[in-house]
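Below is structure_31.cif, holding mmCIF, C-alpha atoms.
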```cif
data_work
#
loop_
_atom_site.label_atom_id
_atom_site.label_comp_id
_atom_site.auth_asym_id
_atom_site.auth_seq_id
_atom_site.Cartn_x
_atom_site.Cartn_y
_atom_site.Cartn_z
CA MET S 1 -108.53 -87.70 72.62
CA GLN S 2 -110.03 -88.95 69.37
CA CYS S 3 -109.42 -87.16 66.07
CA ASP S 4 -109.79 -87.98 62.40
CA ARG S 5 -106.26 -87.10 61.29
CA LEU S 6 -103.10 -85.92 62.98
CA TRP S 7 -100.11 -84.31 61.26
CA THR S 8 -96.85 -84.55 63.21
CA ASN S 9 -93.28 -83.39 62.64
CA ALA S 10 -94.69 -80.24 61.04
CA ARG S 11 -93.82 -76.57 61.00
CA LEU S 12 -96.74 -74.19 61.05
CA ALA S 13 -97.23 -70.67 59.73
CA THR S 14 -100.59 -70.19 61.41
CA MET S 15 -101.07 -66.55 60.31
CA ALA S 16 -102.48 -66.01 63.81
CA GLY S 17 -100.29 -63.64 65.80
CA PRO S 18 -97.07 -61.78 64.98
CA ALA S 19 -94.34 -63.01 62.63
CA LEU S 20 -96.77 -65.23 60.71
CA GLY S 21 -97.59 -67.17 63.88
CA ILE S 22 -94.71 -69.55 63.21
CA ILE S 23 -94.49 -72.67 65.33
CA GLU S 24 -91.58 -75.06 64.93
CA LYS S 25 -91.93 -78.72 66.00
CA ALA S 26 -95.68 -78.55 65.66
CA ALA S 27 -98.69 -80.80 65.33
CA LEU S 28 -102.07 -80.25 63.71
CA ALA S 29 -105.18 -82.33 64.37
CA ILE S 30 -108.61 -82.28 62.74
CA GLU S 31 -111.97 -83.78 63.57
CA GLY S 32 -115.17 -83.52 61.57
CA GLY S 33 -113.67 -81.09 59.05
CA ARG S 34 -112.46 -78.71 61.77
CA ILE S 35 -109.08 -78.00 63.29
CA VAL S 36 -109.02 -79.17 66.90
CA TYR S 37 -105.36 -78.41 67.57
CA ALA S 38 -102.62 -76.42 65.85
CA GLY S 39 -99.63 -75.74 68.03
CA PRO S 40 -96.43 -77.04 69.59
CA ALA S 41 -96.22 -80.81 69.52
CA ALA S 42 -95.01 -80.80 73.13
CA ASP S 43 -98.25 -79.16 74.26
CA ALA S 44 -100.63 -81.29 72.20
CA PRO S 45 -103.25 -83.45 73.89
CA ARG S 46 -102.72 -87.20 73.76
CA PHE S 47 -104.54 -87.86 70.47
CA ALA S 48 -105.85 -91.19 69.23
CA PRO S 49 -106.00 -90.41 65.49
CA ARG S 50 -107.73 -92.58 62.94
CA GLU S 51 -104.89 -91.59 60.61
CA SER S 52 -101.47 -90.15 61.46
CA ILE S 53 -99.29 -88.38 58.88
CA ASP S 54 -95.60 -87.54 59.28
CA CYS S 55 -94.98 -84.14 57.65
CA GLU S 56 -91.24 -84.81 57.62
CA GLY S 57 -90.51 -81.21 58.58
CA ARG S 58 -92.70 -79.65 55.89
CA TRP S 59 -94.51 -76.37 56.40
CA ILE S 60 -98.29 -76.04 56.78
CA THR S 61 -100.10 -72.79 56.02
CA PRO S 62 -103.79 -72.01 55.83
CA GLY S 63 -105.30 -72.83 52.46
CA LEU S 64 -104.80 -69.95 50.05
CA VAL S 65 -107.75 -67.65 49.38
CA ASP S 66 -108.18 -65.94 46.00
CA CYS S 67 -110.58 -63.16 46.96
CA HIS S 68 -111.02 -61.44 43.56
CA THR S 69 -111.53 -63.36 40.31
CA HIS S 70 -113.63 -63.18 37.16
CA LEU S 71 -113.18 -66.91 36.62
CA ILE S 72 -116.43 -67.47 34.71
CA HIS S 73 -116.54 -66.02 31.20
CA GLY S 74 -116.77 -66.87 27.53
CA GLY S 75 -113.95 -66.45 25.04
CA ASP S 76 -110.66 -64.64 25.53
CA ARG S 77 -109.16 -61.28 24.61
CA ALA S 78 -105.75 -62.20 23.24
CA HIS S 79 -106.38 -59.95 20.25
CA GLU S 80 -106.76 -56.96 22.58
CA PHE S 81 -103.46 -57.85 24.18
CA GLU S 82 -101.91 -57.48 20.74
CA LEU S 83 -103.59 -54.10 20.30
CA ARG S 84 -102.16 -52.90 23.61
CA LEU S 85 -98.72 -54.05 22.54
CA GLN S 86 -99.20 -51.78 19.51
CA GLY S 87 -100.02 -48.81 21.75
CA ALA S 88 -103.81 -48.85 22.26
CA SER S 89 -104.97 -48.04 25.79
CA TYR S 90 -107.51 -50.01 27.81
CA GLU S 91 -109.91 -47.07 27.63
CA GLU S 92 -109.53 -46.78 23.83
CA ILE S 93 -110.25 -50.46 23.34
CA ALA S 94 -113.26 -50.30 25.66
CA ARG S 95 -114.74 -47.23 23.99
CA ALA S 96 -114.35 -48.91 20.58
CA GLY S 97 -116.60 -51.78 21.70
CA GLY S 98 -113.92 -54.10 23.00
CA GLY S 99 -112.99 -54.74 26.59
CA ILE S 100 -115.77 -55.97 28.85
CA LEU S 101 -118.36 -55.74 26.05
CA SER S 102 -116.30 -58.12 23.92
CA THR S 103 -116.38 -60.71 26.70
CA MET S 104 -120.07 -59.94 27.25
CA ARG S 105 -120.90 -61.05 23.72
CA ALA S 106 -118.97 -64.31 24.11
CA THR S 107 -120.48 -64.97 27.53
CA ARG S 108 -124.05 -64.35 26.42
CA ALA S 109 -123.51 -66.89 23.63
CA ALA S 110 -122.26 -69.57 26.06
CA THR S 111 -124.40 -72.12 27.85
CA GLU S 112 -124.02 -72.80 31.56
CA ALA S 113 -122.26 -76.05 30.69
CA ASP S 114 -119.90 -74.13 28.40
CA LEU S 115 -119.06 -71.68 31.17
CA VAL S 116 -118.38 -74.45 33.66
CA ALA S 117 -116.23 -76.43 31.23
CA THR S 118 -114.05 -73.48 30.24
CA ALA S 119 -113.63 -72.42 33.87
CA PHE S 120 -112.35 -75.82 35.03
CA PRO S 121 -108.74 -75.35 33.81
CA ARG S 122 -108.51 -71.94 35.45
CA LEU S 123 -109.96 -73.19 38.73
CA ASP S 124 -107.83 -76.32 38.68
CA ALA S 125 -104.71 -74.19 38.29
CA LEU S 126 -105.64 -72.25 41.44
CA ILE S 127 -106.38 -75.45 43.35
CA ALA S 128 -103.05 -76.93 42.26
CA GLU S 129 -101.25 -74.05 44.00
CA GLY S 130 -103.01 -74.49 47.31
CA ALA S 131 -106.20 -72.43 46.91
CA THR S 132 -109.06 -73.72 49.04
CA THR S 133 -111.43 -70.73 48.69
CA VAL S 134 -112.02 -68.76 45.49
CA GLU S 135 -114.27 -65.77 44.90
CA VAL S 136 -116.01 -65.68 41.50
CA LYS S 137 -117.76 -62.60 40.10
CA SER S 138 -120.41 -62.25 37.45
CA GLY S 139 -120.27 -59.10 35.32
CA TYR S 140 -119.92 -60.37 31.75
CA GLY S 141 -123.61 -60.93 31.11
CA LEU S 142 -124.99 -57.46 31.86
CA ASN S 143 -128.51 -58.84 31.69
CA LEU S 144 -130.38 -60.95 34.21
CA LEU S 145 -130.40 -64.12 32.14
CA THR S 146 -126.64 -64.27 31.66
CA GLU S 147 -125.62 -62.85 35.03
CA ALA S 148 -127.69 -65.53 36.74
CA ARG S 149 -126.24 -68.17 34.42
CA MET S 150 -122.71 -67.09 35.38
CA LEU S 151 -123.49 -67.27 39.09
CA ARG S 152 -125.11 -70.69 38.74
CA ALA S 153 -122.02 -71.88 36.89
CA ALA S 154 -119.84 -70.56 39.71
CA ARG S 155 -121.96 -72.34 42.32
CA HIS S 156 -121.67 -75.53 40.26
CA LEU S 157 -117.87 -75.32 40.35
CA GLY S 158 -118.02 -75.59 44.13
CA GLN S 159 -120.18 -78.70 43.88
CA VAL S 160 -117.82 -80.64 41.62
CA ARG S 161 -114.41 -79.48 42.80
CA PRO S 162 -112.92 -79.64 46.33
CA VAL S 163 -112.98 -75.88 46.85
CA SER S 164 -115.21 -73.28 48.48
CA ILE S 165 -116.69 -70.77 46.04
CA ALA S 166 -117.82 -67.30 47.09
CA THR S 167 -120.04 -65.64 44.49
CA THR S 168 -120.30 -61.91 43.81
CA PHE S 169 -122.92 -60.17 41.67
CA LEU S 170 -121.18 -57.57 39.47
CA GLY S 171 -124.01 -56.43 37.25
CA ALA S 172 -122.62 -52.88 37.36
CA HIS S 173 -119.43 -53.86 35.53
CA ALA S 174 -120.06 -52.00 32.28
CA LEU S 175 -122.93 -50.42 30.37
CA PRO S 176 -124.59 -52.98 28.07
CA PRO S 177 -125.48 -51.97 24.50
CA GLU S 178 -129.21 -52.08 25.33
CA TYR S 179 -128.65 -49.10 27.63
CA ALA S 180 -126.12 -47.15 25.54
CA GLY S 181 -126.18 -43.55 26.70
CA ASP S 182 -128.49 -44.35 29.63
CA ALA S 183 -126.37 -45.43 32.57
CA ASP S 184 -128.98 -44.28 35.08
CA GLY S 185 -131.57 -46.40 33.30
CA TYR S 186 -129.33 -49.45 33.59
CA ILE S 187 -128.78 -48.80 37.29
CA ASP S 188 -132.58 -48.57 37.65
CA HIS S 189 -132.82 -51.99 35.98
CA ILE S 190 -130.18 -53.51 38.28
CA VAL S 191 -131.79 -52.11 41.41
CA SER S 192 -135.40 -52.90 40.58
CA HIS S 193 -135.09 -56.12 38.58
CA MET S 194 -131.71 -57.84 38.42
CA LEU S 195 -130.53 -57.64 42.02
CA PRO S 196 -133.88 -58.67 43.56
CA ALA S 197 -134.01 -61.74 41.30
CA ILE S 198 -130.39 -62.68 42.04
CA ALA S 199 -131.00 -62.29 45.78
CA ALA S 200 -134.25 -64.24 45.69
CA GLU S 201 -132.47 -67.20 44.10
CA GLY S 202 -129.62 -66.99 46.60
CA LEU S 203 -127.01 -66.77 43.88
CA ALA S 204 -124.77 -64.07 45.37
CA ASP S 205 -122.78 -63.79 48.58
CA ALA S 206 -121.89 -60.13 47.90
CA VAL S 207 -122.44 -57.27 45.45
CA ASP S 208 -119.71 -55.40 43.56
CA ALA S 209 -119.53 -52.49 41.08
CA PHE S 210 -116.96 -50.79 38.84
CA CYS S 211 -116.69 -47.18 40.00
CA GLU S 212 -114.59 -45.52 37.33
CA GLY S 213 -114.65 -42.93 34.57
CA ILE S 214 -115.39 -45.69 32.05
CA GLY S 215 -117.62 -47.45 34.55
CA PHE S 216 -120.17 -45.96 36.93
CA THR S 217 -120.24 -42.78 39.00
CA PRO S 218 -120.10 -42.73 42.80
CA ALA S 219 -123.77 -41.73 42.88
CA GLN S 220 -124.74 -44.67 40.68
CA THR S 221 -122.55 -46.96 42.74
CA GLU S 222 -124.20 -45.81 45.94
CA ARG S 223 -127.58 -46.79 44.53
CA ILE S 224 -126.23 -50.30 43.97
CA PHE S 225 -124.91 -50.39 47.53
CA ASN S 226 -128.22 -49.26 49.00
CA ALA S 227 -130.05 -51.95 47.04
CA ALA S 228 -127.56 -54.58 48.20
CA HIS S 229 -128.10 -53.58 51.83
CA ALA S 230 -131.86 -53.88 51.32
CA HIS S 231 -131.27 -57.52 50.41
CA ASP S 232 -128.83 -58.08 53.30
CA LEU S 233 -125.88 -58.54 50.97
CA PRO S 234 -122.44 -57.11 51.80
CA VAL S 235 -120.69 -54.93 49.24
CA LYS S 236 -117.24 -54.51 47.73
CA LEU S 237 -115.93 -52.25 44.99
CA HIS S 238 -113.56 -51.92 42.05
CA ALA S 239 -112.15 -48.56 43.07
CA GLU S 240 -109.44 -46.10 42.08
CA GLN S 241 -107.92 -48.32 39.39
CA LEU S 242 -107.59 -45.81 36.56
CA SER S 243 -108.48 -42.55 38.32
CA ASN S 244 -109.53 -41.23 41.70
CA GLN S 245 -113.33 -41.32 41.85
CA HIS S 246 -113.31 -41.45 45.67
CA GLY S 247 -114.92 -44.87 45.42
CA ALA S 248 -112.91 -46.37 48.27
CA ALA S 249 -114.21 -43.77 50.71
CA LEU S 250 -117.74 -44.43 49.45
CA ALA S 251 -117.21 -48.16 49.91
CA ALA S 252 -115.91 -47.59 53.43
CA ARG S 253 -118.97 -45.53 54.35
CA HIS S 254 -121.03 -48.57 53.37
CA GLN S 255 -118.87 -50.90 55.47
CA ALA S 256 -117.61 -52.66 52.34
CA LEU S 257 -115.74 -55.91 52.76
CA SER S 258 -113.05 -54.65 50.40
CA ALA S 259 -112.05 -51.98 47.93
CA ASP S 260 -109.97 -53.43 45.11
CA HIS S 261 -107.20 -52.17 42.78
CA LEU S 262 -106.58 -48.78 44.51
CA GLU S 263 -103.68 -47.47 42.43
CA HIS S 264 -105.15 -43.94 42.63
CA LEU S 265 -106.30 -44.11 46.25
CA ASP S 266 -105.83 -40.88 48.18
CA GLU S 267 -105.23 -40.17 51.87
CA ALA S 268 -108.92 -39.58 52.57
CA GLY S 269 -109.73 -42.96 51.09
CA VAL S 270 -107.05 -44.64 53.19
CA ALA S 271 -108.38 -43.00 56.35
CA ALA S 272 -111.95 -44.03 55.57
CA MET S 273 -110.90 -47.63 54.94
CA ALA S 274 -108.93 -47.71 58.18
CA GLN S 275 -111.94 -46.52 60.14
CA SER S 276 -114.35 -49.02 58.58
CA GLY S 277 -112.03 -52.04 58.48
CA THR S 278 -112.45 -52.34 54.72
CA VAL S 279 -109.72 -54.54 53.24
CA ALA S 280 -107.43 -53.15 50.53
CA THR S 281 -107.32 -55.89 47.88
CA LEU S 282 -104.38 -55.31 45.57
CA LEU S 283 -104.24 -56.86 42.11
CA PRO S 284 -100.65 -56.82 40.84
CA GLY S 285 -101.48 -59.06 37.87
CA ALA S 286 -103.61 -56.33 36.32
CA PHE S 287 -101.00 -53.69 37.21
CA TYR S 288 -98.34 -55.74 35.41
CA PHE S 289 -100.47 -56.77 32.43
CA MET S 290 -101.65 -53.22 31.75
CA ARG S 291 -98.14 -51.78 32.22
CA GLU S 292 -99.31 -49.39 34.88
CA THR S 293 -96.77 -47.23 36.66
CA LYS S 294 -98.71 -45.69 39.56
CA ARG S 295 -98.55 -48.06 42.52
CA PRO S 296 -101.15 -48.25 45.29
CA PRO S 297 -100.14 -46.14 48.32
CA ILE S 298 -98.59 -49.02 50.25
CA ALA S 299 -96.85 -46.87 52.87
CA ALA S 300 -100.07 -45.02 53.67
CA LEU S 301 -102.04 -48.27 53.93
CA ARG S 302 -99.39 -49.68 56.26
CA ALA S 303 -99.30 -46.59 58.41
CA ALA S 304 -103.08 -46.66 58.79
CA HIS S 305 -103.10 -50.41 59.52
CA VAL S 306 -105.46 -51.15 56.64
CA PRO S 307 -105.49 -54.93 56.02
CA ILE S 308 -103.93 -55.72 52.64
CA ALA S 309 -105.08 -58.68 50.56
CA LEU S 310 -103.69 -59.97 47.27
CA ALA S 311 -105.66 -61.70 44.51
CA THR S 312 -105.18 -62.90 40.94
CA ASP S 313 -108.02 -60.83 39.42
CA CYS S 314 -108.18 -63.74 36.95
CA ASN S 315 -110.02 -62.29 33.96
CA PRO S 316 -109.70 -62.43 30.16
CA GLY S 317 -108.87 -58.78 29.52
CA THR S 318 -106.46 -57.39 32.08
CA SER S 319 -105.16 -60.25 34.23
CA PRO S 320 -105.32 -63.72 32.63
CA LEU S 321 -103.52 -65.05 35.70
CA THR S 322 -104.20 -68.27 37.61
CA SER S 323 -101.24 -68.40 40.01
CA PRO S 324 -101.63 -67.21 43.61
CA LEU S 325 -97.93 -67.95 44.12
CA LEU S 326 -96.95 -65.59 41.32
CA VAL S 327 -99.35 -63.00 42.74
CA MET S 328 -97.34 -63.02 45.96
CA ASN S 329 -94.10 -62.58 44.05
CA MET S 330 -95.63 -59.70 42.09
CA GLY S 331 -96.91 -58.14 45.29
CA ALA S 332 -93.36 -58.15 46.63
CA THR S 333 -91.52 -57.09 43.48
CA LEU S 334 -94.01 -54.61 41.99
CA PHE S 335 -95.63 -53.18 45.12
CA ARG S 336 -92.71 -53.67 47.57
CA LEU S 337 -94.77 -55.70 50.02
CA THR S 338 -92.92 -57.74 52.64
CA VAL S 339 -92.99 -61.54 52.73
CA GLU S 340 -95.29 -61.36 55.76
CA GLU S 341 -97.67 -58.97 53.98
CA CYS S 342 -97.80 -61.22 50.92
CA LEU S 343 -98.54 -64.36 52.90
CA LEU S 344 -101.18 -62.64 55.02
CA GLY S 345 -102.55 -61.20 51.78
CA VAL S 346 -103.54 -64.61 50.42
CA THR S 347 -104.67 -66.09 53.75
CA LEU S 348 -106.06 -64.10 56.67
CA ASN S 349 -106.60 -60.78 54.90
CA ALA S 350 -108.05 -62.43 51.81
CA ALA S 351 -110.48 -64.25 54.10
CA ARG S 352 -111.37 -60.89 55.65
CA ALA S 353 -112.05 -59.52 52.17
CA LEU S 354 -114.72 -62.20 51.79
CA GLY S 355 -116.14 -61.78 55.28
CA ARG S 356 -114.97 -65.30 56.16
CA SER S 357 -112.09 -64.74 58.57
CA GLY S 358 -114.08 -66.43 61.33
CA GLU S 359 -113.97 -69.67 59.33
CA ILE S 360 -110.76 -69.67 57.28
CA GLY S 361 -107.47 -67.81 56.83
CA THR S 362 -105.59 -69.01 59.93
CA LEU S 363 -104.66 -72.32 61.51
CA GLU S 364 -106.60 -72.19 64.77
CA ALA S 365 -108.79 -74.59 66.69
CA GLY S 366 -112.41 -74.31 65.60
CA LYS S 367 -111.69 -73.15 62.07
CA ARG S 368 -112.31 -75.15 58.92
CA ALA S 369 -109.65 -77.71 58.13
CA ASP S 370 -108.51 -75.94 54.96
CA PHE S 371 -104.72 -75.87 54.65
CA ALA S 372 -101.74 -76.45 52.38
CA ILE S 373 -98.59 -78.47 53.04
CA TRP S 374 -95.43 -77.23 51.32
CA SER S 375 -92.04 -78.78 50.58
CA ILE S 376 -90.07 -75.65 51.48
CA GLU S 377 -87.37 -74.67 53.95
CA ARG S 378 -88.93 -71.36 54.96
CA PRO S 379 -92.19 -69.50 54.20
CA ALA S 380 -90.33 -66.85 52.17
CA GLU S 381 -89.89 -69.45 49.42
CA LEU S 382 -93.59 -69.16 48.60
CA VAL S 383 -93.03 -65.51 47.70
CA TYR S 384 -89.52 -65.81 46.29
CA ARG S 385 -89.93 -68.39 43.51
CA MET S 386 -91.47 -67.78 40.09
CA GLY S 387 -92.97 -70.57 38.02
CA PHE S 388 -92.26 -73.20 40.68
CA ASN S 389 -94.93 -74.93 42.73
CA PRO S 390 -93.73 -76.57 45.98
CA LEU S 391 -97.19 -77.77 47.07
CA HIS S 392 -96.91 -81.22 48.65
CA ALA S 393 -100.54 -81.73 49.66
CA ARG S 394 -103.74 -79.77 50.07
CA VAL S 395 -106.52 -80.36 52.58
CA TRP S 396 -109.98 -78.92 52.06
CA ASN S 397 -112.78 -79.39 54.58
CA GLY S 398 -110.66 -82.01 56.30
CA LEU S 399 -110.16 -84.13 53.18
#
```
Let me see the file written as structure tokens.
Amino acid sequence: MQCDRLWTNARLATMAGPALGIIEKAALAIEGGRIVYAGPAADAPRFAPRESIDCEGRWITPGLVDCHTHLIHGGDRAHEFELRLQGASYEEIARAGGGILSTMRATRAATEADLVATAFPRLDALIAEGATTVEVKSGYGLNLLTEARMLRAARHLGQVRPVSIATTFLGAHALPPEYAGDADGYIDHIVSHMLPAIAAEGLADAVDAFCEGIGFTPAQTERIFNAAHAHDLPVKLHAEQLSNQHGAALAARHQALSADHLEHLDEAGVAAMAQSGTVATLLPGAFYFMRETKRPPIAALRAAHVPIALATDCNPGTSPLTSPLLVMNMGATLFRLTVEECLLGVTLNAARALGRSGEIGTLEAGKRADFAIWSIERPAELVYRMGFNPLHARVWNGL
């Protein structure tokens, strides 16, 4: 049987099946950018590979998926970090004109080329730790011109780097100064003008919103969701980060791909997510950076069998983090997730949070040949270490 490349003497954590789908003494073959075999070497077809690679006992996992980032933005917010160290809260900084609006001003002033250039180091750091798919949100333009520019910049990243980019329109991230005191008017503008233009240009794969006391109400969020559905775009939501606005339950009613953050999620929200299949995307980088103390309800999510994803939430204000490996360690140490939950959280469940689990997230025949090869003795090392990158090689789209 012909194939492009064959990896032998490998150990696989396929993420398909129980116990991480571990297969010792395994082989993996690809053809035309797709996996054609991932299983025990003894059961493999007789391949005639164009290239054969000896893994020398290394582990292969699916390529890592970072399913929640704000990778594209102008400037930074290091000065706000200093203010928080002095005792200012996130809400206080935001209400004083900092926070998202600070990044908005820097992003509006940046060209598309500027946005691409400044995003490269952040994206390259993710790629260097095995990421093969990265979600990128808009949300720092808060007007059509800049939101579209951000999404075009994100698309461009996927054209010049060996990585798949999923784009998300987050126009409802904060209230821009042009609409101060008129949140409903801004939602009107998003629904009638911004979202139709973004959809017409094909710039977004999904639509997100920030449902929070300092963001938008559930009613306003639902208007965004209804508009997204009208343009055949799936939805996701920043929910229950700082307070319980019942956003996760709202997201679940709209069959959202994911509800993200979730520190203040209640039992009704958990039940709604379980029924809809909405993924719980946890963001321990923001939890750590903001010195939060209320953890997401992990036990309740487990008991309800809600899929749990982990992501960097890479952003300039609350999670300037570009390490999916550290995210797994934080998920274990801060949120008490198991090794299996952490690894599934950056592979299969992260793929589910992007609506792409049919293509990526596990090592199975028919799926994209996106995977990472690690110089480790056991998968737990990927969660256990801090500041150490054991990536040996990374394969994206078969290359």
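The residue that comes closest to Ala380 of chain S, out of S:Gly213, S:Leu20, S:Tyr186, S:Met194 and on the basis of all atoms listed in the file, is S:Leu20.
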What's around segment 319-328 of chain S at 8 Å? Count all atoms listed in the file, leave out sequence neighbours fewer than 4 positions away in its own chain, and write the answer as a PyMOL selection string.
chain S and resi 64+66+122-123+125-126+129+131+283-286+289+310-315+332+342-343+346+382-383+385-387+389
Atom pair atom CA of His261 of chain S + atom CA of Ala154 of chain S, distance 22.5 Å
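The space between atom CA of Ser357 of chain S and atom CA of Ala148 of chain S spans 26.8 Å.
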Expressed in Å, the length from atom CA of Leu71 of chain S to atom CA of Lys137 of chain S is 7.2 Å
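Closest approach to Met15 of chain S from the set S:Thr107, S:Asn349, S:Ser102, S:Thr132 is made by S:Asn349, with distances taken over all atoms listed in the file.
Using all atoms listed in the file, the shortest contact distance between Gln245 of chain S and any of S:Gly181, S:Gly39, S:Gly215, S:Gly317 is found at S:Gly215.
The residues caught by the PyMOL selection byres ((chain S and resi 290) around 12) in this file are Glu80, Phe81, Glu82, Leu83, Arg84, Leu85, Gly87, Ala88, Ser89, Tyr90, Glu91, Gln241, Leu242, Leu283, Pro284, Gly285, Ala286, Phe287, Tyr288, Phe289, Arg291, Glu292, Thr293, Lys294, Gly317, Thr318, Ser319 and Pro320 of chain S.
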Test item: residues at most 6 Å from Val136 of chain S, only C-alpha atoms, excluding those fewer than 3 positions along its chain, as a PyMOL selection string
chain S and resi 69-71+167
I'd like the contact shell of segment 110-121 of chain S - 6 Å cut-off, only C-alpha atoms, skipping same-chain residues fewer than 4 positions apart - returned as a PDB file with C-alpha atoms, keeping the file's coordinate frame.
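Result went into around.pdb, see below:
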```pdb
ATOM      1  CA  ILE S  72    -116.430 -67.470  34.710  1.00  0.00           C
ATOM      2  CA  ARG S 149    -126.240 -68.170  34.420  1.00  0.00           C
ATOM      3  CA  ALA S 153    -122.020 -71.880  36.890  1.00  0.00           C
TER       4      ALA S 153
END
```
Test item: which residues lie within 9 Å of (-124.4, -61.6, 30.5) counting all atoms listed in the file, as a ChimeraX atom specification:
/S:103-109,138-150,171,176
Tell me which of S:Arg155, S:Ala42, S:Arg394, S:Gly75 sits closest to Glu201 of chain S, counting only C-alpha atoms.
S:Arg155
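Minimum atom-to-atom distances from S:Ile373, S:Phe335, S:Thr168, S:Ile308 to Thr8 of chain S were compared using all atoms listed in the file, and the lowest value belongs to S:Ile373.
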I want to know what sits within 7 Å of Ala166 of chain S, based on only C-alpha atoms, with residues of the same chain fewer than 4 positions away left out; could you give that as a ChimeraX atom specification?
/S:134-136,205
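Under the PyMOL selection byres ((chain S and resi 277) around 8), the matching residues in the shown file are Ala252, Gln255, Leu257, Met273, Ala274, Gln275, Ser276, Thr278, Val279, Val306 and Pro307 of chain S.
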Let's have the selection written as a tab-separated table (two decimals), in the coordinates of the input, with C-alpha atoms.
```
chain	number	residue	atom	x	y	z
S	252	ALA	CA	-115.91	-47.59	53.43
S	255	GLN	CA	-118.87	-50.90	55.47
S	257	LEU	CA	-115.74	-55.91	52.76
S	273	MET	CA	-110.90	-47.63	54.94
S	274	ALA	CA	-108.93	-47.71	58.18
S	275	GLN	CA	-111.94	-46.52	60.14
S	276	SER	CA	-114.35	-49.02	58.58
S	278	THR	CA	-112.45	-52.34	54.72
S	279	VAL	CA	-109.72	-54.54	53.24
S	306	VAL	CA	-105.46	-51.15	56.64
S	307	PRO	CA	-105.49	-54.93	56.02
```
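Of the listed residues (S:Ala172, S:Ala271, S:Val163, S:Ala180), S:Ala172 comes nearest to His238 of chain S; the distances count only C-alpha atoms.
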Mind listing whatever residues come within 9 Å of the point (-104.8, -78.1, 53.1)? Use only C-alpha atoms, file coordinates, and give them as a ChimeraX atom specification.
/S:60-64,130-132,369-373,393-399
Given the PyMOL selection byres ((chain S and resi 188) around 12), the residues it picks as an NGL selection string
:S and (171-172 or 179 or 182-187 or 189-196 or 220-221 or 223-224 or 227)
Output the selection as a CSV table (one decimal), keeping the file's coordinate frame - C-alpha atoms for each residue.
```csv
chain,number,residue,atom,x,y,z
S,171,GLY,CA,-124.0,-56.4,37.2
S,172,ALA,CA,-122.6,-52.9,37.4
S,179,TYR,CA,-128.6,-49.1,27.6
S,182,ASP,CA,-128.5,-44.4,29.6
S,183,ALA,CA,-126.4,-45.4,32.6
S,184,ASP,CA,-129.0,-44.3,35.1
S,185,GLY,CA,-131.6,-46.4,33.3
S,186,TYR,CA,-129.3,-49.4,33.6
S,187,ILE,CA,-128.8,-48.8,37.3
S,189,HIS,CA,-132.8,-52.0,36.0
S,190,ILE,CA,-130.2,-53.5,38.3
S,191,VAL,CA,-131.8,-52.1,41.4
S,192,SER,CA,-135.4,-52.9,40.6
S,193,HIS,CA,-135.1,-56.1,38.6
S,194,MET,CA,-131.7,-57.8,38.4
S,195,LEU,CA,-130.5,-57.6,42.0
S,196,PRO,CA,-133.9,-58.7,43.6
S,220,GLN,CA,-124.7,-44.7,40.7
S,221,THR,CA,-122.6,-47.0,42.7
S,223,ARG,CA,-127.6,-46.8,44.5
S,224,ILE,CA,-126.2,-50.3,44.0
S,227,ALA,CA,-130.0,-52.0,47.0
```
